[in-house]
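Source file target_13.cif; content: mmCIF, C-alpha atoms.
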```cif
data_run
#
loop_
_atom_site.group_PDB
_atom_site.id
_atom_site.type_symbol
_atom_site.label_atom_id
_atom_site.label_comp_id
_atom_site.auth_asym_id
_atom_site.auth_seq_id
_atom_site.Cartn_x
_atom_site.Cartn_y
_atom_site.Cartn_z
ATOM 1 C CA MET A 1490 0.000 0.000 0.000
ATOM 2 C CA THR A 1491 2.787 2.376 1.004
ATOM 3 C CA LEU A 1492 4.654 1.531 -2.187
ATOM 4 C CA LEU A 1493 1.631 2.101 -4.422
ATOM 5 C CA ILE A 1494 0.824 5.432 -2.774
ATOM 6 C CA SER A 1495 4.473 6.522 -3.075
ATOM 7 C CA LEU A 1496 4.616 5.521 -6.733
ATOM 8 C CA LEU A 1497 1.420 7.408 -7.592
ATOM 9 C CA LEU A 1498 2.559 10.454 -5.643
ATOM 10 C CA GLY A 1499 5.918 10.358 -7.432
ATOM 11 C CA VAL A 1500 4.180 10.285 -10.813
ATOM 12 C CA THR A 1501 1.873 13.152 -9.809
ATOM 13 C CA PHE A 1502 4.806 15.197 -8.510
ATOM 14 C CA GLY A 1503 6.616 14.678 -11.828
ATOM 15 C CA VAL A 1504 3.547 15.660 -13.851
ATOM 16 C CA GLY A 1505 3.212 18.762 -11.683
ATOM 17 C CA LEU A 1506 6.830 19.720 -12.408
ATOM 18 C CA ILE A 1507 6.318 19.220 -16.159
ATOM 19 C CA LEU A 1508 3.036 21.166 -16.220
ATOM 20 C CA ALA A 1509 4.604 23.983 -14.208
ATOM 21 C CA GLY A 1510 7.490 24.295 -16.673
ATOM 22 C CA MET A 1511 10.124 23.416 -14.049
ATOM 23 C CA THR A 1512 11.586 20.615 -16.181
ATOM 24 C CA ASP A 1513 12.673 23.099 -18.857
ATOM 25 C CA PRO A 1514 16.006 24.573 -17.714
ATOM 26 C CA ALA A 1515 15.529 27.595 -20.002
ATOM 27 C CA LYS A 1516 12.319 28.506 -18.145
ATOM 28 C CA VAL A 1517 14.037 28.139 -14.770
ATOM 29 C CA LEU A 1518 16.963 30.304 -15.880
ATOM 30 C CA ALA A 1519 14.493 32.923 -17.197
ATOM 31 C CA PHE A 1520 12.989 33.052 -13.686
ATOM 32 C CA LEU A 1521 16.429 33.515 -12.122
ATOM 33 C CA ASP A 1522 17.399 36.196 -14.674
ATOM 34 C CA ILE A 1523 16.098 39.277 -12.904
ATOM 35 C CA GLY A 1524 18.612 41.430 -14.804
ATOM 36 C CA GLY A 1525 17.224 40.425 -18.198
ATOM 37 C CA ASN A 1526 13.839 39.393 -19.551
ATOM 38 C CA TRP A 1527 12.344 38.122 -16.303
ATOM 39 C CA ASP A 1528 9.748 35.338 -16.436
ATOM 40 C CA PRO A 1529 7.966 35.361 -13.050
ATOM 41 C CA SER A 1530 6.071 32.083 -13.664
ATOM 42 C CA LEU A 1531 8.019 29.974 -11.181
ATOM 43 C CA ALA A 1532 7.072 32.245 -8.297
ATOM 44 C CA LEU A 1533 3.508 31.106 -8.926
ATOM 45 C CA VAL A 1534 4.613 27.452 -8.923
ATOM 46 C CA MET A 1535 6.022 27.889 -5.451
ATOM 47 C CA GLY A 1536 3.071 29.988 -4.307
ATOM 48 C CA GLY A 1537 0.561 27.435 -5.595
ATOM 49 C CA ALA A 1538 2.427 24.549 -3.978
ATOM 50 C CA ILE A 1539 2.731 26.258 -0.599
ATOM 51 C CA GLY A 1540 -0.903 27.362 -0.709
ATOM 52 C CA VAL A 1541 -2.052 23.754 -1.054
ATOM 53 C CA ALA A 1542 0.515 22.163 1.267
ATOM 54 C CA ALA A 1543 0.365 24.600 4.207
ATOM 55 C CA PRO A 1544 -3.186 23.739 5.413
ATOM 56 C CA ALA A 1545 -2.377 20.015 5.114
ATOM 57 C CA TYR A 1546 0.747 20.406 7.244
ATOM 58 C CA ALA A 1547 -1.213 22.239 9.923
ATOM 59 C CA LEU A 1548 -3.892 19.545 9.832
ATOM 60 C CA ALA A 1549 -1.386 16.675 10.061
ATOM 61 C CA ARG A 1550 0.279 18.279 13.088
ATOM 62 C CA ARG A 1551 -3.062 18.578 14.850
ATOM 63 C CA GLN A 1552 -3.959 14.963 14.117
ATOM 64 C CA GLY A 1553 -0.579 13.670 15.303
ATOM 65 C CA ALA A 1554 -0.817 10.437 13.313
ATOM 66 C CA THR A 1555 -0.855 9.700 9.607
ATOM 67 C CA TRP A 1556 -3.719 8.030 7.746
ATOM 68 C CA LEU A 1557 -1.726 4.808 7.700
ATOM 69 C CA GLY A 1558 -1.242 5.023 11.455
ATOM 70 C CA MET A 1559 2.383 6.172 11.635
ATOM 71 C CA PRO A 1560 3.342 9.032 13.900
ATOM 72 C CA VAL A 1561 3.814 12.397 12.207
ATOM 73 C CA LEU A 1562 7.493 13.283 12.393
ATOM 74 C CA PRO A 1563 8.017 16.539 14.254
ATOM 75 C CA GLU A 1564 9.309 19.517 12.356
ATOM 76 C CA THR A 1565 13.104 19.679 12.353
ATOM 77 C CA LYS A 1566 13.803 22.786 14.397
ATOM 78 C CA GLY A 1567 17.545 23.023 13.987
ATOM 79 C CA PRO A 1568 19.502 26.217 14.297
ATOM 80 C CA ILE A 1569 20.277 28.419 11.326
ATOM 81 C CA ASP A 1570 23.895 27.284 11.043
ATOM 82 C CA SER A 1571 26.689 27.524 8.509
ATOM 83 C CA PRO A 1572 26.005 24.156 6.783
ATOM 84 C CA LEU A 1573 22.497 25.436 5.988
ATOM 85 C CA LEU A 1574 23.800 28.736 4.629
ATOM 86 C CA VAL A 1575 26.843 27.375 2.772
ATOM 87 C CA GLY A 1576 24.973 24.365 1.388
ATOM 88 C CA SER A 1577 22.115 26.508 0.110
ATOM 89 C CA ILE A 1578 24.493 28.952 -1.567
ATOM 90 C CA ILE A 1579 26.441 26.085 -3.214
ATOM 91 C CA PHE A 1580 23.142 24.618 -4.398
ATOM 92 C CA GLY A 1581 21.995 28.010 -5.728
ATOM 93 C CA ILE A 1582 25.185 28.443 -7.780
ATOM 94 C CA GLY A 1583 24.704 25.008 -9.380
ATOM 95 C CA TRP A 1584 21.030 25.793 -10.000
ATOM 96 C CA GLY A 1585 21.926 29.099 -11.652
ATOM 97 C CA LEU A 1586 24.615 27.488 -13.815
ATOM 98 C CA SER A 1587 22.307 24.807 -15.194
ATOM 99 C CA GLY A 1588 18.646 25.570 -14.551
ATOM 100 C CA PHE A 1589 18.282 22.131 -12.937
ATOM 101 C CA CYS A 1590 17.340 21.254 -9.377
ATOM 102 C CA PRO A 1591 17.017 17.646 -8.137
ATOM 103 C CA GLY A 1592 13.337 16.895 -8.932
ATOM 104 C CA PRO A 1593 13.197 18.233 -12.494
ATOM 105 C CA ALA A 1594 16.591 16.626 -13.233
ATOM 106 C CA LEU A 1595 15.182 13.180 -12.359
ATOM 107 C CA VAL A 1596 12.083 13.798 -14.491
ATOM 108 C CA GLY A 1597 14.444 14.760 -17.318
ATOM 109 C CA VAL A 1598 16.312 11.479 -16.855
ATOM 110 C CA GLY A 1599 12.991 9.660 -17.237
ATOM 111 C CA ALA A 1600 12.378 11.575 -20.460
ATOM 112 C CA GLY A 1601 15.762 10.519 -21.835
ATOM 113 C CA TYR A 1602 16.778 14.183 -21.866
ATOM 114 C CA LEU A 1603 20.554 14.103 -22.225
ATOM 115 C CA PRO A 1604 21.488 17.337 -20.385
ATOM 116 C CA ALA A 1605 19.373 16.269 -17.393
ATOM 117 C CA THR A 1606 21.038 12.848 -17.395
ATOM 118 C CA ALA A 1607 24.562 14.292 -17.426
ATOM 119 C CA PHE A 1608 23.541 16.667 -14.645
ATOM 120 C CA ALA A 1609 21.876 13.930 -12.573
ATOM 121 C CA ILE A 1610 24.884 11.592 -12.730
ATOM 122 C CA ALA A 1611 27.114 14.411 -11.499
ATOM 123 C CA MET A 1612 24.522 15.253 -8.822
ATOM 124 C CA VAL A 1613 24.666 11.686 -7.473
ATOM 125 C CA PHE A 1614 28.461 11.974 -7.311
ATOM 126 C CA GLY A 1615 28.067 15.271 -5.428
ATOM 127 C CA MET A 1616 25.767 13.569 -2.918
ATOM 128 C CA GLU A 1617 28.192 10.659 -2.559
ATOM 129 C CA ALA A 1618 31.006 13.161 -1.986
ATOM 130 C CA TYR A 1619 28.990 14.634 0.883
ATOM 131 C CA GLU A 1620 28.400 11.188 2.413
ATOM 132 C CA TRP A 1621 32.096 10.359 2.096
ATOM 133 C CA LEU A 1622 33.127 13.649 3.694
ATOM 134 C CA MET A 1623 30.743 13.107 6.612
ATOM 135 C CA SER A 1624 31.969 9.543 7.234
ATOM 136 C CA GLU A 1625 35.579 10.782 7.098
ATOM 137 C CA ARG A 1626 34.771 13.377 9.761
ATOM 138 C CA VAL A 1627 33.143 10.747 11.960
ATOM 139 C CA ARG A 1628 36.230 8.535 11.583
ATOM 140 C CA GLN A 1629 38.478 11.456 12.503
ATOM 141 C CA LEU A 1630 36.427 12.195 15.607
ATOM 142 C CA GLU A 1631 36.525 8.532 16.612
ATOM 143 C CA ARG A 1632 40.321 8.470 16.331
ATOM 144 C CA GLN A 1633 40.689 11.416 18.697
ATOM 145 C CA MET B 1237 14.473 44.513 -15.070
ATOM 146 C CA THR B 1238 11.823 43.908 -17.708
ATOM 147 C CA ILE B 1239 9.075 41.359 -17.280
ATOM 148 C CA ASP B 1240 8.794 38.918 -20.160
ATOM 149 C CA TRP B 1241 4.996 38.789 -20.449
ATOM 150 C CA THR B 1242 5.072 36.626 -23.602
ATOM 151 C CA SER B 1243 6.787 33.777 -21.721
ATOM 152 C CA PHE B 1244 4.741 34.267 -18.543
ATOM 153 C CA THR B 1245 2.533 31.193 -18.019
ATOM 154 C CA PRO B 1246 0.516 31.897 -14.858
ATOM 155 C CA TRP B 1247 -2.133 29.176 -15.196
ATOM 156 C CA PRO B 1248 0.098 26.157 -15.926
ATOM 157 C CA ALA B 1249 2.458 27.436 -13.223
ATOM 158 C CA LEU B 1250 -0.323 27.643 -10.643
ATOM 159 C CA ALA B 1251 -1.814 24.300 -11.712
ATOM 160 C CA GLY B 1252 1.548 22.510 -11.679
ATOM 161 C CA GLY B 1253 2.443 24.130 -8.379
ATOM 162 C CA SER B 1254 -0.870 23.020 -6.888
ATOM 163 C CA LEU B 1255 -0.191 19.428 -7.981
ATOM 164 C CA ILE B 1256 3.238 19.583 -6.340
ATOM 165 C CA GLY B 1257 1.642 20.992 -3.202
ATOM 166 C CA LEU B 1258 -1.026 18.296 -3.280
ATOM 167 C CA VAL B 1259 1.656 15.582 -3.363
ATOM 168 C CA ALA B 1260 3.530 17.237 -0.500
ATOM 169 C CA ALA B 1261 0.245 17.394 1.432
ATOM 170 C CA LEU B 1262 -0.759 13.775 0.771
ATOM 171 C CA LEU B 1263 2.711 12.378 1.448
ATOM 172 C CA TYR B 1264 2.700 14.106 4.829
ATOM 173 C CA LEU B 1265 -0.897 13.261 5.703
ATOM 174 C CA ALA B 1266 -0.700 9.619 4.577
ATOM 175 C CA LEU B 1267 2.877 8.623 5.370
ATOM 176 C CA GLY B 1268 4.174 11.473 7.512
ATOM 177 C CA ARG B 1269 7.029 12.021 5.075
ATOM 178 C CA ILE B 1270 8.536 15.144 3.550
ATOM 179 C CA ALA B 1271 8.427 15.474 -0.245
ATOM 180 C CA GLY B 1272 12.005 16.684 -0.569
ATOM 181 C CA ILE B 1273 13.690 15.197 -3.599
ATOM 182 C CA SER B 1274 17.306 15.734 -2.514
ATOM 183 C CA GLY B 1275 16.528 14.116 0.835
ATOM 184 C CA ILE B 1276 14.751 11.151 -0.761
ATOM 185 C CA LEU B 1277 17.560 10.563 -3.263
ATOM 186 C CA GLY B 1278 20.334 11.228 -0.751
ATOM 187 C CA SER B 1279 18.883 8.760 1.760
ATOM 188 C CA LEU B 1280 18.696 6.141 -0.976
ATOM 189 C CA LEU B 1281 22.406 6.581 -1.619
ATOM 190 C CA CYS B 1282 23.540 6.226 1.977
ATOM 191 C CA GLU B 1283 23.283 2.693 3.244
ATOM 192 C CA GLN B 1284 22.263 3.364 6.828
ATOM 193 C CA ALA B 1285 18.899 4.851 5.890
ATOM 194 C CA ALA B 1286 16.242 2.280 6.586
ATOM 195 C CA GLY B 1287 12.840 2.601 5.036
ATOM 196 C CA ASP B 1288 9.906 0.648 3.803
ATOM 197 C CA GLY B 1289 10.761 1.191 0.172
ATOM 198 C CA TRP B 1290 8.671 4.326 -0.232
ATOM 199 C CA ARG B 1291 11.714 6.268 -1.459
ATOM 200 C CA PRO B 1292 12.603 4.098 -4.492
ATOM 201 C CA ALA B 1293 8.888 3.915 -5.344
ATOM 202 C CA PHE B 1294 8.572 7.704 -5.303
ATOM 203 C CA ILE B 1295 11.712 8.186 -7.424
ATOM 204 C CA PHE B 1296 10.479 5.536 -9.860
ATOM 205 C CA GLY B 1297 7.229 7.504 -10.153
ATOM 206 C CA LEU B 1298 9.179 10.666 -11.001
ATOM 207 C CA LEU B 1299 11.007 8.784 -13.760
ATOM 208 C CA LEU B 1300 7.703 7.472 -15.169
ATOM 209 C CA ALA B 1301 6.019 10.902 -15.265
ATOM 210 C CA PRO B 1302 7.432 12.144 -18.607
ATOM 211 C CA GLY B 1303 6.412 8.944 -20.404
ATOM 212 C CA LEU B 1304 2.880 9.322 -19.094
ATOM 213 C CA TRP B 1305 2.868 13.002 -20.044
ATOM 214 C CA ALA B 1306 4.087 12.252 -23.582
ATOM 215 C CA ALA B 1307 1.405 9.584 -23.991
ATOM 216 C CA VAL B 1308 -1.489 11.934 -23.223
ATOM 217 C CA SER B 1309 -0.184 15.317 -24.319
ATOM 218 C CA PRO B 1310 -0.061 16.035 -28.064
ATOM 219 C CA GLY B 1311 2.646 18.674 -27.722
ATOM 220 C CA GLY B 1312 5.097 16.369 -25.968
ATOM 221 C CA LEU B 1313 7.478 17.513 -23.287
ATOM 222 C CA PRO B 1314 8.508 21.166 -23.207
ATOM 223 C CA LEU B 1315 12.285 20.804 -23.169
ATOM 224 C CA SER B 1316 14.598 23.338 -24.696
ATOM 225 C CA ALA B 1317 17.722 22.383 -26.559
ATOM 226 C CA HIS B 1318 20.562 22.673 -24.089
ATOM 227 C CA THR B 1319 24.123 23.173 -25.203
ATOM 228 C CA ILE B 1320 25.281 19.665 -24.349
ATOM 229 C CA ASP B 1321 26.904 19.265 -27.776
ATOM 230 C CA ALA B 1322 29.487 21.867 -26.891
ATOM 231 C CA PRO B 1323 32.166 20.508 -24.540
ATOM 232 C CA GLN B 1324 31.963 23.586 -22.289
ATOM 233 C CA GLY B 1325 28.184 23.074 -22.014
ATOM 234 C CA CYS B 1326 28.706 19.542 -20.775
ATOM 235 C CA ALA B 1327 31.412 20.667 -18.352
ATOM 236 C CA VAL B 1328 29.100 23.325 -16.917
ATOM 237 C CA LEU B 1329 26.361 20.712 -16.434
ATOM 238 C CA VAL B 1330 28.743 18.365 -14.617
ATOM 239 C CA VAL B 1331 30.052 21.114 -12.338
ATOM 240 C CA ALA B 1332 26.477 22.272 -11.684
ATOM 241 C CA GLY B 1333 25.380 18.727 -10.866
ATOM 242 C CA LEU B 1334 28.234 18.251 -8.385
ATOM 243 C CA LEU B 1335 27.399 21.565 -6.686
ATOM 244 C CA VAL B 1336 23.668 20.815 -6.501
ATOM 245 C CA GLY B 1337 24.252 17.298 -5.150
ATOM 246 C CA PHE B 1338 26.725 18.398 -2.494
ATOM 247 C CA GLY B 1339 24.958 21.634 -1.576
ATOM 248 C CA THR B 1340 21.483 20.170 -1.141
ATOM 249 C CA ARG B 1341 22.810 17.425 1.148
ATOM 250 C CA LEU B 1342 24.829 19.894 3.201
ATOM 251 C CA ALA B 1343 21.813 22.209 3.525
ATOM 252 C CA ASN B 1344 19.513 19.224 4.053
ATOM 253 C CA GLY B 1345 17.046 20.286 1.383
ATOM 254 C CA CYS B 1346 16.413 21.735 -2.052
ATOM 255 C CA THR B 1347 13.643 23.561 -3.907
ATOM 256 C CA SER B 1348 11.065 20.966 -2.850
ATOM 257 C CA GLY B 1349 12.186 20.182 0.703
ATOM 258 C CA HIS B 1350 12.935 23.735 1.848
ATOM 259 C CA GLY B 1351 11.087 25.676 -0.866
ATOM 260 C CA VAL B 1352 7.751 23.895 -0.700
ATOM 261 C CA CYS B 1353 7.538 21.670 2.392
ATOM 262 C CA GLY B 1354 9.651 23.880 4.652
ATOM 263 C CA LEU B 1355 7.909 27.113 3.757
ATOM 264 C CA ALA B 1356 4.511 25.380 3.997
ATOM 265 C CA SER B 1357 5.310 24.504 7.613
ATOM 266 C CA PHE B 1358 6.604 28.041 8.313
ATOM 267 C CA SER B 1359 10.138 26.852 9.109
ATOM 268 C CA ARG B 1360 12.585 29.706 9.665
ATOM 269 C CA ARG B 1361 15.475 27.451 8.615
ATOM 270 C CA SER B 1362 13.789 26.791 5.298
ATOM 271 C CA LEU B 1363 13.032 30.460 4.710
ATOM 272 C CA VAL B 1364 16.723 31.264 5.178
ATOM 273 C CA ALA B 1365 17.687 28.373 2.862
ATOM 274 C CA VAL B 1366 15.297 29.570 0.143
ATOM 275 C CA LEU B 1367 16.605 33.136 0.349
ATOM 276 C CA CYS B 1368 20.182 31.783 0.065
ATOM 277 C CA PHE B 1369 19.657 29.501 -2.933
ATOM 278 C CA MET B 1370 17.394 31.936 -4.789
ATOM 279 C CA GLY B 1371 19.858 34.745 -4.165
ATOM 280 C CA ALA B 1372 22.831 32.614 -5.225
ATOM 281 C CA GLY B 1373 20.956 31.348 -8.296
ATOM 282 C CA MET B 1374 19.979 34.863 -9.380
ATOM 283 C CA ALA B 1375 23.501 36.155 -8.765
ATOM 284 C CA THR B 1376 24.981 33.282 -10.795
ATOM 285 C CA VAL B 1377 22.658 33.921 -13.744
ATOM 286 C CA PHE B 1378 23.361 37.644 -13.512
ATOM 287 C CA VAL B 1379 27.121 37.079 -13.643
ATOM 288 C CA SER B 1380 26.987 34.442 -16.379
ATOM 289 C CA ARG B 1381 24.570 36.392 -18.625
ATOM 290 C CA HIS B 1382 25.229 40.056 -17.947
ATOM 291 C CA VAL B 1383 28.812 40.250 -16.700
ATOM 292 C CA ILE B 1384 30.719 37.456 -18.471
ATOM 293 C CA GLY B 1385 28.268 36.939 -21.323
ATOM 294 C CA ALA B 1386 27.634 40.614 -21.991
#
```
Could you spell out this file's structure in structure tokens?
Amino acid sequence: MTLLISLLLGVTFGVGLILAGMTDPAKVLAFLDIGGNWDPSLALVMGGAIGVAAPAYALARRQGATWLGMPVLPETKGPIDSPLLVGSIIFGIGWGLSGFCPGPALVGVGAGYLPATAFAIAMVFGMEAYEWLMSERVRQLERQ
Amino acid sequence: MTIDWTSFTPWPALAGGSLIGLVAALLYLALGRIAGISGILGSLLCEQAAGDGWRPAFIFGLLLAPGLWAAVSPGGLPLSAHTIDAPQGCAVLVVAGLLVGFGTRLANGCTSGHGVCGLASFSRRSLVAVLCFMGAGMATVFVSRHVIGA
């Protein structure tokens, strides 16, 4: 049941990204290009998504349990620290260079879209590099 | 700044955004999970993350979406020709991919996790993340198009 729901939600998420224009890197770059011919469409994508999701999040918190009976995970209330800031800036630079972020890149892979595939392979390596760096740090701490 | 009204697509943007929001809502209400793509993919890659298989199923759904779209939509997928043929275009894509992969894991979220789910739950962390990646993205496009490319 969980798998079927997840699969259907994944498909719907992908269709939403395509419909919204997020899977076209040129459209994304046009949104980020405030110094040129600015296309504000993607602000509405985010606004529409938040408008639908926000009431559901509030509702889920009040209910405390999911429809399938699992507990609702509490909101991660971490501090605003340097990994958050540095990571987001690094991500933003990559986003601005390519017009791809993780979701649309994966949809592009599914479409056999070559630029998205090249990007996504590199993205997986970037994620693996992060995992490796973290495990190295843990090992260093353990040695001390 | 000039607004490009001819490319502005408010209705598909709102409709697509609402679908994305609906998925975020249902995933949280039904499974109590966050629809953050970098988190889902990143957890798949690291071995310690246990799960009931919802992550690979969700990613598989994302991969299936364009095929479904192409089957029902006469216009096909709106994808612009990217400069992958040029070697520098490919190099830029690879560098961008590495940065996005590393950065989203370090920041623990991307456009979906922080931008949609985080903002929808009024997280201050996510608001700061969104301001950082939007700002960095806009600055990068500004430099590449209007400083170097000018």
So, counting all atoms listed in the file, which residue among B:Ala1293, B:Leu1334, B:Ala1301, B:Ala1251 is closest to A:Phe1580?
-> B:Leu1334
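The space between atom CA of B:Ser1274 and atom CA of B:Val1330 spans 16.9 Å.
The space between atom CA of B:Cys1282 and atom CA of B:Ala1266 spans 24.6 Å.
Here the question is which of B:Phe1369, B:Trp1247, B:Phe1358, B:Trp1241 gets nearest to chain A using only C-alpha atoms, and that residue is B:Phe1369.
Our summary of the geometry notes that atom CA of A:Asn1526 is positioned 15.3 Å from atom CA of B:Val1383.
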